[in-house]
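S.K.: Structure file query00.cif, mmCIF, C-alpha atoms, is pasted below:
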```cif
data_query
#
loop_
_atom_site.label_atom_id
_atom_site.label_comp_id
_atom_site.auth_asym_id
_atom_site.auth_seq_id
_atom_site.Cartn_x
_atom_site.Cartn_y
_atom_site.Cartn_z
CA ALA A 25 58.49 -68.91 -33.88
CA PRO A 26 56.61 -66.37 -31.75
CA LEU A 27 55.32 -67.62 -28.41
CA GLU A 28 51.64 -67.19 -27.61
CA GLY A 29 51.01 -64.15 -25.38
CA VAL A 30 54.54 -62.74 -25.44
CA GLY A 31 54.39 -58.96 -25.81
CA GLN A 32 50.66 -58.82 -25.03
CA ASN A 33 48.70 -57.06 -22.27
CA LEU A 34 51.48 -54.59 -21.44
CA GLN A 35 50.58 -51.97 -18.83
CA ASP A 36 51.63 -48.36 -18.57
CA HIS A 37 53.89 -47.66 -15.64
CA MET A 38 53.37 -43.96 -15.10
CA GLU A 39 55.83 -42.62 -12.60
CA VAL A 40 57.11 -39.33 -11.31
CA TYR A 41 60.52 -39.07 -9.73
CA GLN A 42 62.26 -36.25 -7.93
CA SER A 43 66.01 -36.01 -7.41
CA TYR A 44 67.49 -34.44 -4.31
CA GLU A 45 71.04 -33.19 -3.89
CA VAL A 46 72.81 -34.53 -0.80
CA LEU A 47 75.67 -32.77 0.91
CA LYS A 48 77.63 -35.81 2.06
CA PRO A 49 79.09 -38.52 -0.24
CA VAL A 50 76.48 -41.15 0.69
CA SER A 51 75.03 -41.87 -2.77
CA LEU A 52 76.16 -44.49 -5.27
CA ALA A 53 77.87 -41.84 -7.44
CA SER A 54 81.36 -42.80 -6.32
CA HIS A 55 80.83 -46.29 -7.81
CA LEU A 56 79.93 -45.11 -11.32
CA SER A 57 83.40 -44.53 -12.77
CA LEU A 58 84.76 -47.21 -15.09
CA ALA A 59 87.06 -48.44 -12.31
CA GLY A 60 84.22 -48.35 -9.79
CA LYS A 61 81.93 -50.36 -12.06
CA GLY A 62 84.74 -52.85 -12.74
CA SER A 63 85.39 -53.29 -9.02
CA LEU A 64 81.69 -53.65 -8.27
CA GLY A 65 81.27 -56.23 -11.05
CA ALA A 66 84.36 -58.22 -10.06
CA HIS A 67 83.21 -58.33 -6.44
CA TRP A 68 79.82 -59.65 -7.53
CA LEU A 69 81.34 -62.25 -9.89
CA VAL A 70 83.50 -63.65 -7.07
CA THR A 71 81.11 -63.39 -4.12
CA LYS A 72 77.61 -62.92 -5.61
CA GLU A 73 77.25 -60.16 -3.01
CA GLY A 74 77.62 -56.40 -2.75
CA LEU A 75 76.26 -53.52 -4.81
CA GLY A 76 76.24 -55.62 -7.99
CA ALA A 77 73.72 -58.02 -6.45
CA THR A 78 70.85 -55.54 -6.26
CA ASN A 79 68.79 -53.22 -8.43
CA HIS A 80 69.00 -50.63 -5.59
CA PHE A 81 65.22 -50.10 -5.32
CA GLU A 82 65.21 -51.73 -1.89
CA VAL A 83 63.25 -49.15 0.06
CA GLY A 84 59.64 -48.60 -0.84
CA GLY A 85 56.03 -49.14 -0.02
CA PHE A 86 52.49 -49.22 -1.31
CA VAL A 87 49.69 -46.84 -0.30
CA ARG A 88 46.09 -46.16 -1.26
CA SER A 89 45.50 -43.00 -3.26
CA ARG A 90 42.21 -42.29 -1.47
CA PRO A 91 39.78 -43.78 1.04
CA GLY A 92 37.69 -46.60 -0.36
CA VAL A 93 40.34 -47.98 -2.69
CA GLU A 94 40.35 -51.74 -2.02
CA ALA A 95 44.09 -52.31 -2.42
CA PRO A 96 47.08 -49.97 -2.57
CA ASP A 97 47.39 -48.40 -6.01
CA ILE A 98 50.42 -46.14 -5.52
CA GLN A 99 53.98 -47.44 -5.28
CA LEU A 100 56.69 -45.44 -3.52
CA HIS A 101 60.36 -46.27 -3.83
CA PHE A 102 63.72 -44.73 -3.22
CA LEU A 103 66.97 -44.91 -5.16
CA PRO A 104 70.32 -44.01 -3.55
CA ILE A 105 71.38 -41.99 -6.60
CA GLY A 106 69.65 -39.40 -8.78
CA MET A 107 69.64 -40.72 -12.34
CA SER A 108 67.51 -40.42 -15.46
CA TYR A 109 65.76 -43.46 -16.92
CA ASP A 110 68.49 -43.89 -19.52
CA GLY A 111 70.64 -45.27 -16.69
CA VAL A 112 73.54 -43.03 -17.68
CA THR A 113 72.67 -39.40 -16.99
CA LEU A 114 73.11 -38.33 -13.37
CA ALA A 115 70.90 -35.68 -11.80
CA PRO A 116 72.57 -32.28 -11.60
CA SER A 117 74.31 -31.79 -8.26
CA SER A 118 76.97 -29.38 -7.05
CA THR A 119 78.27 -32.09 -4.68
CA GLY A 120 78.17 -34.92 -7.21
CA HIS A 121 75.77 -36.86 -4.97
CA SER A 122 72.00 -37.15 -5.12
CA MET A 123 69.07 -39.40 -4.21
CA GLN A 124 65.67 -40.01 -5.80
CA ALA A 125 62.13 -40.55 -4.60
CA HIS A 126 59.71 -42.25 -7.04
CA VAL A 127 55.91 -42.31 -7.00
CA GLY A 128 54.05 -44.52 -9.47
CA TYR A 129 50.46 -45.55 -10.19
CA ASN A 130 50.01 -49.35 -10.28
CA LYS A 131 46.45 -49.86 -11.49
CA SER A 132 46.51 -48.40 -14.98
CA PRO A 133 43.46 -49.48 -17.01
CA SER A 134 45.30 -49.03 -20.32
CA ARG A 135 47.02 -51.92 -22.07
CA GLY A 136 49.13 -52.33 -25.14
CA TYR A 137 51.29 -54.76 -27.06
CA VAL A 138 54.59 -54.94 -28.86
CA ARG A 139 55.16 -56.99 -32.00
CA PRO A 140 58.24 -57.24 -34.19
CA ALA A 141 57.99 -55.19 -37.37
CA SER A 142 59.89 -57.98 -39.15
CA PRO A 143 62.21 -60.89 -38.35
CA LEU A 144 65.12 -58.41 -38.35
CA PRO A 145 65.79 -56.88 -34.90
CA SER A 146 67.17 -53.76 -36.59
CA ASP A 147 63.65 -53.02 -37.93
CA GLY A 148 62.44 -52.30 -34.40
CA SER A 149 59.32 -53.30 -32.54
CA PRO A 150 56.68 -50.58 -32.31
CA VAL A 151 54.62 -50.43 -29.11
CA LYS A 152 50.87 -50.13 -29.79
CA PRO A 153 48.76 -48.65 -26.99
CA ILE A 154 45.20 -49.82 -26.50
CA ALA A 155 43.13 -47.43 -24.41
#
```
Output the file's structure in the form of structure tokens.
M.R.:
Amino acid sequence: APLEGVGQNLQDHMEVYQSYEVLKPVSLASHLSLAGKGSLGAHWLVTKEGLGATNHFEVGGFVRSRPGVEAPDIQLHFLPIGMSYDGVTLAPSSTGHSMQAHVGYNKSPSRGYVRPASPLPSDGSPVKPIA
């Protein structure tokens, strides 16, 4: 049975991100091969530490978009690899290494909801925006 409030009052999370090529191999790119992911995952399973224990958005901050704004409404964060939101596609780079800076607005007035189209997960769940 559906739970009251689940899928309600969803907020937009508008964000812009810029990828930057880096010249030295300091990004997470070297860990993204099948063997690298296996090693990372095994290390986490045994120790609960390492690169598998984080979402990698560990550097960031909040700022006000203009004077007079009561609380910060812009979020800044940094990712040690340039990657699209599909989590698979790396940013183009002649060195194979990149970083990303993200800027997002946190006080969106718009809301929406998501409800199952049917009891079958294969039927999808359309998102309905409410301005």
S.K.: Given the file shown, determine the residues that the PyMOL selection byres ((chain A and resi 33-43) around 12) selects; report them as a PyMOL selection string.
M.R.: chain A and resi 28-32+44-46+51+97-109+114-117+121-139+151-155
S.K.: CA of Thr78 (chain A) and CA of Ser63 (chain A) are how many Å apart?
M.R.: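 Computing it gives 15.0 Å between the two atoms.
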S.K.: Can you report as lines of an AutoDock Vina configuration file the centre and edge lengths in Å, to one decimal, of an axis-aligned box around the listed atoms of region 123-127 of chain A padded with 6 Å on each side?
M.R.:
```
center_x = 62.5
center_y = -40.9
center_z = -5.6
size_x = 25.2
size_y = 14.9
size_z = 14.8
```
S.K.: Have a look at CA of Ser89 (chain A) and CA of Asp110 (chain A) and let me know their distance in Å, one decimal.
M.R.: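 Going from CA of Ser89 (chain A) over to CA of Asp110 (chain A), I get 28.2 Å.
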S.K.: With distances taken over all atoms listed in the file, which residue among A:Ala141, A:Ala95, A:Val112, A:Val83 lies nearest Ser57 (chain A)?
M.R.: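 Result for the nearest residue to Ser57 (chain A): A:Val112.
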S.K.: Between CA of Gly60 (chain A) and CA of Leu75 (chain A), what is the spacing in Å?
M.R.: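 Between CA of Leu75 (chain A) and CA of Gly60 (chain A) the gap works out to 10.7 Å.
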